[in-house]
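Engineer: The structure's right below; bear with me while I get my questions together.
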Amino acid sequence: MQSLIWLAIAIPLASAAFLLLAGKRADAWGHWVGVAASSVAFLVGAGALLEMLGESGDHPGMTLTLWEFIPGGDLNVDVGLLVDPLSITFVMLITFVGTLIHFYSVAYMEHDVARRRFFAYLNLFIAAMLLLVLADSFLLLFFGWEGVGLASYLLIGFWNQKNEYATAANKAFVVNRIGDIGLIVAMGMMFAAFGAVDFETVFAQAPEASTATLTAIGLALLLAACGKSAQFPLQSWLGDAMAGPTPVSALIHAATMVTAGVYLIVRSAPIFNGAPDAQLVVAVVGAITLLLGAFIGMAKDDIKKALAASTMSQIGYMMLAAGLGPIGYAFAIFHLVTHGFFKAGMFLGAGSVMHAMNDGVDMRRYGALRGVMTITWVTFGLGWLAILGVPPFSGYWSKDKIIEAAFVGDGWQPWVLGGAALVGAGLTAFYMSRLFFMTFHGKARWNDEVHPHESPLLMTVPMMILAVGSAFLGLFLASGDRFAHFLEPVTGHAEHHDPVIPIPLIIGLTLALVILGAVIAWLKYGRADVPEEAPAGSLATITARNDFFQDSVNRAVFQRPGQHLTRTLVYGDAAIIDGAVNKQARGWARLGEGSRKFQNGQVRSYALTMLVGVVVIALVIVMGA
Amino acid sequence: MNFVTPEIAWAPLTPILIVLGAAAAGVLVESFIKTPATRRVVQLWLSGAALLAALVAVVVQWGGLEGAAGTVVMSGKITVDLQSLAWQLMLLIFAVLSVLLFASKTSDNEESFTALGSVAPGSVEEKLARRAGLQVTEVFPLALFAVGGMMLFTCVTDLIFLFVALELFSLPLYILVALARRRRLLSQEAALKYFLLGAFSSAIFLFGAALVYGATTQIDVAFIGIAIEIVDGRDGMLLLGAVMVIVGLMFKIGAAPFHSWVPDVYQGAPTPVTAFMGAATKAAATAALIRVMYLAFYPLEWELSWMFWAVAILSMALGTVLALVQTDIKRMLAYSAVAHAGFILVAFAGLEAEALAALPFYLLTYGLATIGAFAIITQVRERAEDGGVGAEAVRLGQWAGLGKRSPLLAGAMALFLLSFAGIPLTAGFIGKFEVFSAAVAGGAWILVLIAVIASAVAAFFYVRLIVLMFFTDVPEGAEDSIAVGNEPLSRVVIYLTAIAILVLGILPSGVLELFQESAVFLVIGG
């Protein structure tokens, strides 16, 4: 099956094209084509995984060269797919969660007139995301990278009849472009340094390259990762991206696409291993983002935006882990997988709640939904326990490992990074519990027009499956370090290091903070009454509510100067360049008007012109000879 | 006194004989078929068949030569070599396309030609003739005579015979120019001007030939070259003669300062005739100029180079600058033709072998775009008072918004204009590139620099028309003032030429190789 892995990309892609071209006649059944395409992609991926598990040896997997892509003088790029433990992990996550969300969407988008188009975009996303993770060169990865960016743009702006949604799509697109420049620059530097952009050549030559080169490439890759994964300072788009339909938020903006940055860093491990400074920057960016996301999450009343902030924060954990080097790579991916399950599950739960609440997203208008939506409550609750890191649920196994790893090292690093991770765990517990209690507990605060009800089975079954994953996947993968061993051929063997404080103490501290956070949340939002209107709040709350004024900062630092720059350039272009061009054009025209006089329509003057011409030429030539 | 009958190898002349024979037969058709409509059909099929047969004959000959340079016909008066076959092939292609345009009729069943050439414009007789359904079907045999003359022009190697061929293709053209269906006074005036100036230039040519004969005692081009080399006779008479012969040919190419006829004639002639002349006359005259320069006057290259530089620069500058200020589309293209004459002469700098392949390619691309562009002009017409189809809309302002009225036509026009401007992916770019590289090989990079600047300025008025067609709205109240024709024959010509321009722009190598193969002369010694 590994050699057939290209089918997993080709089939959703073909399905997307078909759905887009099929027209209205496919409206009635087109979504099932999309579901089928995603399911087949999952089966292909599962087959490849089983085959890989049956293989022995150090390097399971294979490289599959499909065709020559760019046969150039110095640059030869083939279209090739790399099937190895890392990529197959992603394939399974993308296709499994993706397929569940396809099923969920059939019901969720039932009343949308453009459901067929929605599934076309979803399929396009699946194909592009699989291309991203299966590519065997940075260039091909870039195609997938742009493909998911396109799908994300199309889906955020899916309801683009609302102006602000279209704006949100544009914002995501533009911010992502900034990150993409990083990837392009990184490829340029790779080509300059190694003469190639395929993984095999680049990674083989990376150990011999200078630290400066590797640091530069690493930082450029980090820029790309920050754009795609909404990491500081390019995080501003993710909150607005919640404008898309909720299944999209679950699949693209929680479980898969936003984790592509983490994939890029981990995949480029040989580069970062040789660039400790770049690694440190990655870890610091992760630490900043995980705290930033947590603070924002504490203040948001919009359930989707709160979840988005939480996603940002959790990816911050993954980045932090990826920045720790070989000891963190496996845990970054591990947390990525478990997060994919519990966050997608919670987003689907949020979608289910919104479905029940007439698409209202303000948690201050929720409350006491436990009684009316039992299945949603249970599945969401399992996700909540998982993200809190309560043993034995999934999040505990992955997040705790990251916190432990963050405390490894010398000097100030373990204390700062580990401290951030530890505090982040407490904050996470607070804002997730706040979200959970505000939604499902306390008093009912919804209006009379709203009649909450449980969602149909087509929606709840995917939620149940994801909830099972939220509950047990971590335990399953962590037992005997199963997952870490599976990834070892890619991430490298991690030497065991002792953290600066004993592991049991870390676990104990973490759990204590988590419980503290949850208890405070219960006291404030579970037991006490939640005001229906948001209170004015302190300066800190306002800051967090406004995403730390990221938009204003961007506007002041980038947008305004950018506008002034472009205006100046436009003026310069008009006055100086166009001015010069126009002036000389006018000169030509005047010249033309002048010479027109000779063409007066009289044949005798025409003949005279000819004669003068002959005489002058003859005189010059004959006299000159 | 004994005259020796020259031995004539008839076979290589087959294409020319077919065309001229069909022309003669066409004259008979005029006399014996009374009904104008039937006559028209017979003439059309006759000329079409003759041109295609000649085309086949040229191809067969090309294949038959098999590496040999060519055949000497008629004691060295005519040499059918690969170079002349290449030009003949091109001329026949132009002729086929032009004849289709000649035959094209508007939706009101109206031709481009007047009903009866001899009646005064606007007279009662003219109305009667039109009502009687008369048609000037002589245009087909006239065109065939012109084509035959041009084909001969490409292969004669004797100055006197060259003059005969020159007149053979010029006289029918003078008549054709006078036969416009509308704006007849303009058309007749143009014909008279063309005739007078043409006669003037013929006289200059003939006088030059006499002087060259006087200086070298030779009239065969190859012998002239040998004689100049042997006797080292670079006296005033030879140089004056050479200059005058070249001027006669430059007149036909339309280079400044011998270009005065071009704008008036291009504007006044029936548009299909303009298309034919614009493409074919330039090609035939270039072919003859190549032969004269490369075989007879090459020893004078240093002395004459000044003339080529001056005329080329003047043509490019004048053509470009005057095209900028034109408001009539036919005149604009006429001045653009003058500028292109300059580009053609650029390739003669240094008399490099590269030019022998570059020039045919350039003329092919230029000719195809010219025929296509003028064919489009025949399709964009004013709406007459009675709602029918009126005269051609030649004012530039009337082309505003054509892109919305007829995207296909406007798109094709844009393609032709871009090809004229020499924008990549069109044939014009490859043509210009080839011509300029021939000149660079001849060391004339300054001339090429000037030519490139001229191309850049010229791009302005080509692009201005594109902007007008696509980005300017139709003026209010003028929505119904333009009637876009949909004549099948013209459409065929437009689409064929557009495809050819694209193909030659993207995949030029096959045709380029063909012309490179033909870049040889058969130089005879007896």
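Chain labels A, B, ... are given in the sequence in which chains occur in the structure tokens; within each chain residues are numbered consecutively from 1, and ligands are likewise numbered from 1 in the order shown.
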Going by DSSP on the backbone, which bits of segment 42-164 of chain A are helix (DSSP H, G or I)? Write them as a PyMOL selection string, please.
Structural biologist: chain A and resi 42-54+85-108+115-134+138-156+163-164
Engineer: Under the rule of at most 6 Å, produce a per-residue listing of chain B near chain A: chain, number, name, the closest pair of atoms, and the distance in Å, as CSV, using only C-alpha atoms.
Structural biologist:
residue,atom,partner,partner_atom,distance
B:Lys193,CA,A:Val603,CA,5.9
B:Gly236,CA,A:Val622,CA,5.3
B:Leu240,CA,A:Ala618,CA,5.9
B:Pro257,CA,A:Met610,CA,5.9
B:Phe258,CA,A:Met610,CA,5.1
B:Ser260,CA,A:Tyr606,CA,5.5
B:Val321,CA,A:Gly592,CA,4.8
B:Leu322,CA,A:Gly592,CA,4.7
Engineer: Filtering to all heavy atoms, could you give me those residues as a compact mmCIF listing (two decimals), in the first residue's frame?
Structural biologist:
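What ended up in again38.txt:
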# COMPACT_ATOMS: atom_id res chain seq x y z
N LYS B 193 -1.84 58.66 -57.41
CA LYS B 193 -0.59 58.98 -56.71
C LYS B 193 0.37 57.80 -56.79
O LYS B 193 1.57 57.95 -57.06
CB LYS B 193 -0.87 59.29 -55.25
CG LYS B 193 -1.36 60.69 -55.00
CD LYS B 193 -1.62 60.86 -53.50
CE LYS B 193 -2.23 62.20 -53.21
NZ LYS B 193 -2.78 62.25 -51.85
N GLY B 236 32.12 57.16 -59.85
CA GLY B 236 30.86 57.81 -59.55
C GLY B 236 29.70 57.19 -60.28
O GLY B 236 28.62 57.02 -59.72
N LEU B 240 26.46 55.81 -58.38
CA LEU B 240 25.19 56.47 -58.63
C LEU B 240 24.17 55.47 -59.14
O LEU B 240 23.01 55.44 -58.70
CB LEU B 240 25.40 57.60 -59.64
CG LEU B 240 24.24 58.56 -59.82
CD1 LEU B 240 23.89 59.24 -58.50
CD2 LEU B 240 24.58 59.61 -60.87
N PRO B 257 13.14 58.05 -47.26
CA PRO B 257 12.15 59.06 -47.67
C PRO B 257 11.40 58.71 -48.96
O PRO B 257 10.94 59.61 -49.64
CB PRO B 257 13.05 60.28 -47.88
CG PRO B 257 14.34 59.71 -48.39
CD PRO B 257 14.48 58.37 -47.74
N PHE B 258 11.30 57.42 -49.27
CA PHE B 258 10.58 57.04 -50.50
C PHE B 258 9.23 56.43 -50.14
O PHE B 258 8.70 55.57 -50.82
CB PHE B 258 11.42 56.04 -51.29
CG PHE B 258 12.88 56.40 -51.29
CD1 PHE B 258 13.81 55.63 -50.62
CD2 PHE B 258 13.31 57.54 -51.95
CE1 PHE B 258 15.14 56.00 -50.59
CE2 PHE B 258 14.64 57.90 -51.93
CZ PHE B 258 15.56 57.14 -51.25
N SER B 260 6.36 58.24 -49.28
CA SER B 260 5.22 59.16 -49.25
C SER B 260 3.93 58.54 -49.75
O SER B 260 2.84 58.90 -49.31
CB SER B 260 5.53 60.38 -50.13
OG SER B 260 6.85 60.76 -49.98
N VAL B 321 7.08 57.87 -35.36
CA VAL B 321 6.61 59.15 -34.85
C VAL B 321 5.30 59.55 -35.50
O VAL B 321 4.37 60.03 -34.84
CB VAL B 321 7.70 60.22 -35.09
CG1 VAL B 321 7.13 61.60 -34.89
CG2 VAL B 321 8.86 59.99 -34.15
N LEU B 322 5.18 59.31 -36.81
CA LEU B 322 3.95 59.71 -37.48
C LEU B 322 2.80 58.78 -37.13
O LEU B 322 1.65 59.21 -37.07
CB LEU B 322 4.18 59.75 -38.99
CG LEU B 322 4.86 61.05 -39.41
CD1 LEU B 322 5.43 60.95 -40.80
CD2 LEU B 322 3.88 62.21 -39.34
Engineer: Quick one: pull the distance between atom CA of Ala180 of chain B and atom CA of Phe113 of chain B, Å, one decimal.
Structural biologist: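 Distance between the two atoms: 4.8 Å.
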Engineer: Quick one: residues within 9 Å of Gln83 of chain B, only C-alpha atoms counted, chain neighbours fewer than 4 positions away excluded, as a list in words?
Structural biologist: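 Once the adjacent positions are removed, what remains is Ala69, Gly70, Trp87, Gln88, Thr154, Cys155, Ala287, Leu356, Ala357, Pro360, Phe515, Glu517, Ser518, Ala519, Val520, Phe521 and Leu522 of chain B.
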Engineer: Filtering to all heavy atoms, could you give me those residues as a CSV table (one decimal), in the first residue's frame?
Structural biologist:
chain,number,residue,atom,x,y,z
B,69,ALA,N,21.4,23.6,-54.9
B,69,ALA,CA,21.1,25.0,-54.5
B,69,ALA,C,19.9,25.5,-55.4
B,69,ALA,O,19.1,26.2,-55.0
B,69,ALA,CB,22.2,25.9,-54.7
B,70,GLY,N,19.8,25.1,-56.7
B,70,GLY,CA,18.8,25.5,-57.5
B,70,GLY,C,19.0,25.2,-59.0
B,70,GLY,O,19.9,24.4,-59.3
B,87,TRP,N,10.7,32.4,-50.9
B,87,TRP,CA,9.9,33.7,-51.1
B,87,TRP,C,8.6,33.4,-51.9
B,87,TRP,O,7.6,33.9,-51.6
B,87,TRP,CB,10.7,34.7,-51.8
B,87,TRP,CG,11.8,35.3,-51.0
B,87,TRP,CD1,13.2,35.1,-51.1
B,87,TRP,CD2,11.7,36.3,-49.9
B,87,TRP,NE1,13.8,35.8,-50.1
B,87,TRP,CE2,13.0,36.5,-49.4
B,87,TRP,CE3,10.6,36.9,-49.4
B,87,TRP,CZ2,13.2,37.4,-48.4
B,87,TRP,CZ3,10.8,37.8,-48.3
B,87,TRP,CH2,12.1,38.0,-47.8
B,88,GLN,N,8.8,32.5,-52.9
B,88,GLN,CA,7.6,32.2,-53.7
B,88,GLN,C,6.5,31.5,-52.8
B,88,GLN,O,5.3,31.8,-52.9
B,88,GLN,CB,7.9,31.3,-54.9
B,88,GLN,CG,8.7,32.0,-55.9
B,88,GLN,CD,9.0,31.2,-57.1
B,88,GLN,OE1,8.4,30.2,-57.4
B,88,GLN,NE2,10.0,31.6,-57.9
B,154,THR,N,11.3,37.5,-57.6
B,154,THR,CA,12.1,36.9,-56.6
B,154,THR,C,13.2,36.0,-57.2
B,154,THR,O,14.1,35.6,-56.5
B,154,THR,CB,11.3,36.0,-55.6
B,154,THR,OG1,10.8,34.9,-56.4
B,154,THR,CG2,10.3,36.7,-54.9
B,155,CYS,N,13.1,35.7,-58.5
B,155,CYS,CA,14.1,34.8,-59.0
B,155,CYS,C,14.8,35.3,-60.3
B,155,CYS,O,15.7,34.6,-60.8
B,155,CYS,CB,13.4,33.4,-59.3
B,155,CYS,SG,12.1,33.5,-60.4
B,287,ALA,N,12.9,40.5,-51.3
B,287,ALA,CA,13.6,39.4,-52.0
B,287,ALA,C,14.5,39.9,-53.1
B,287,ALA,O,15.7,39.5,-53.2
B,287,ALA,CB,12.6,38.4,-52.6
B,356,LEU,N,19.8,36.1,-44.5
B,356,LEU,CA,19.2,35.4,-45.6
B,356,LEU,C,18.1,34.5,-45.0
B,356,LEU,O,17.1,34.1,-45.7
B,356,LEU,CB,20.2,34.5,-46.4
B,356,LEU,CG,21.2,35.3,-47.2
B,356,LEU,CD1,22.1,34.4,-47.9
B,356,LEU,CD2,20.4,36.2,-48.2
B,357,ALA,N,18.2,34.0,-43.7
B,357,ALA,CA,17.2,33.3,-43.1
B,357,ALA,C,16.3,34.2,-42.3
B,357,ALA,O,15.1,33.9,-42.2
B,357,ALA,CB,17.8,32.2,-42.2
B,360,PRO,N,13.4,36.3,-44.6
B,360,PRO,CA,12.1,35.6,-45.0
B,360,PRO,C,11.2,35.4,-43.8
B,360,PRO,O,10.0,35.6,-43.8
B,360,PRO,CB,12.6,34.3,-45.6
B,360,PRO,CG,14.0,34.6,-46.0
B,360,PRO,CD,14.5,35.6,-45.1
B,515,PHE,N,13.8,28.1,-43.4
B,515,PHE,CA,14.4,29.3,-44.0
B,515,PHE,C,15.9,29.2,-43.9
B,515,PHE,O,16.6,29.7,-44.8
B,515,PHE,CB,13.9,30.5,-43.3
B,515,PHE,CG,12.5,30.9,-43.7
B,515,PHE,CD1,11.5,31.3,-42.8
B,515,PHE,CD2,12.1,30.8,-45.1
B,515,PHE,CE1,10.2,31.6,-43.2
B,515,PHE,CE2,10.8,31.1,-45.5
B,515,PHE,CZ,9.9,31.5,-44.5
B,517,GLU,N,17.6,26.5,-44.2
B,517,GLU,CA,17.9,25.7,-45.4
B,517,GLU,C,18.0,26.4,-46.7
B,517,GLU,O,18.7,26.2,-47.6
B,517,GLU,CB,16.9,24.5,-45.4
B,517,GLU,CG,17.2,23.4,-46.3
B,517,GLU,CD,16.0,22.5,-46.4
B,517,GLU,OE1,15.3,22.3,-45.4
B,517,GLU,OE2,15.7,22.0,-47.5
B,518,SER,N,17.1,27.4,-46.7
B,518,SER,CA,16.9,28.2,-48.0
B,518,SER,C,17.9,29.4,-48.1
B,518,SER,O,17.8,30.1,-49.0
B,518,SER,CB,15.5,28.7,-48.1
B,518,SER,OG,15.3,29.8,-47.3
B,519,ALA,N,18.7,29.5,-47.1
B,519,ALA,CA,19.6,30.7,-47.1
B,519,ALA,C,20.8,30.5,-48.0
B,519,ALA,O,21.9,30.8,-47.6
B,519,ALA,CB,20.1,31.0,-45.7
B,520,VAL,N,20.6,30.0,-49.2
B,520,VAL,CA,21.7,29.8,-50.2
B,520,VAL,C,21.2,30.4,-51.5
B,520,VAL,O,20.1,30.3,-51.9
B,520,VAL,CB,22.0,28.3,-50.3
B,520,VAL,CG1,22.9,27.9,-49.1
B,520,VAL,CG2,20.8,27.5,-50.5
B,521,PHE,N,22.2,30.9,-52.2
B,521,PHE,CA,21.9,31.3,-53.6
B,521,PHE,C,22.6,30.4,-54.5
B,521,PHE,O,23.6,29.7,-54.2
B,521,PHE,CB,22.6,32.7,-53.8
B,521,PHE,CG,21.8,33.8,-53.2
B,521,PHE,CD1,22.4,34.6,-52.2
B,521,PHE,CD2,20.5,34.1,-53.6
B,521,PHE,CE1,21.7,35.6,-51.7
B,521,PHE,CE2,19.8,35.1,-53.1
B,521,PHE,CZ,20.4,35.9,-52.1
B,522,LEU,N,22.1,30.3,-55.7
B,522,LEU,CA,22.8,29.6,-56.8
B,522,LEU,C,23.5,30.7,-57.5
B,522,LEU,O,22.9,31.5,-58.2
B,522,LEU,CB,21.8,28.9,-57.7
B,522,LEU,CG,22.5,28.1,-58.8
B,522,LEU,CD1,23.5,27.1,-58.3
B,522,LEU,CD2,21.4,27.5,-59.7
Engineer: Residues within 12 Å of Ile446 of chain B, please, as a VMD selection string. Count only C-alpha atoms; anything in the same chain fewer than 3 positions from it doesn't count.
Structural biologist: chain B and resid 309 313 346 349 436 439 to 443 449 to 453
Engineer: Would you save the residues from that selection as a PDB file, in the first residue's frame, using C-alpha atoms?
Structural biologist:
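File produced: out-v2.pdb:
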ATOM      1  CA  TRP B 309      21.824  53.065 -42.078  1.00  0.00           C
ATOM      2  CA  ILE B 313      16.923  55.019 -39.163  1.00  0.00           C
ATOM      3  CA  VAL B 346      18.418  46.927 -40.383  1.00  0.00           C
ATOM      4  CA  ALA B 349      23.745  45.896 -42.181  1.00  0.00           C
ATOM      5  CA  PHE B 436      18.355  42.167 -35.057  1.00  0.00           C
ATOM      6  CA  ALA B 439      22.486  43.007 -37.816  1.00  0.00           C
ATOM      7  CA  VAL B 440      24.462  42.423 -34.625  1.00  0.00           C
ATOM      8  CA  ALA B 441      26.405  39.725 -36.440  1.00  0.00           C
ATOM      9  CA  GLY B 442      27.168  42.407 -39.006  1.00  0.00           C
ATOM     10  CA  GLY B 443      28.563  44.617 -36.264  1.00  0.00           C
ATOM     11  CA  LEU B 449      19.981  49.848 -30.401  1.00  0.00           C
ATOM     12  CA  ILE B 450      18.128  52.516 -32.346  1.00  0.00           C
ATOM     13  CA  ALA B 451      15.796  49.875 -33.729  1.00  0.00           C
ATOM     14  CA  VAL B 452      15.029  48.614 -30.233  1.00  0.00           C
ATOM     15  CA  ILE B 453      14.261  52.136 -29.049  1.00  0.00           C
TER      16      ILE B 453
END
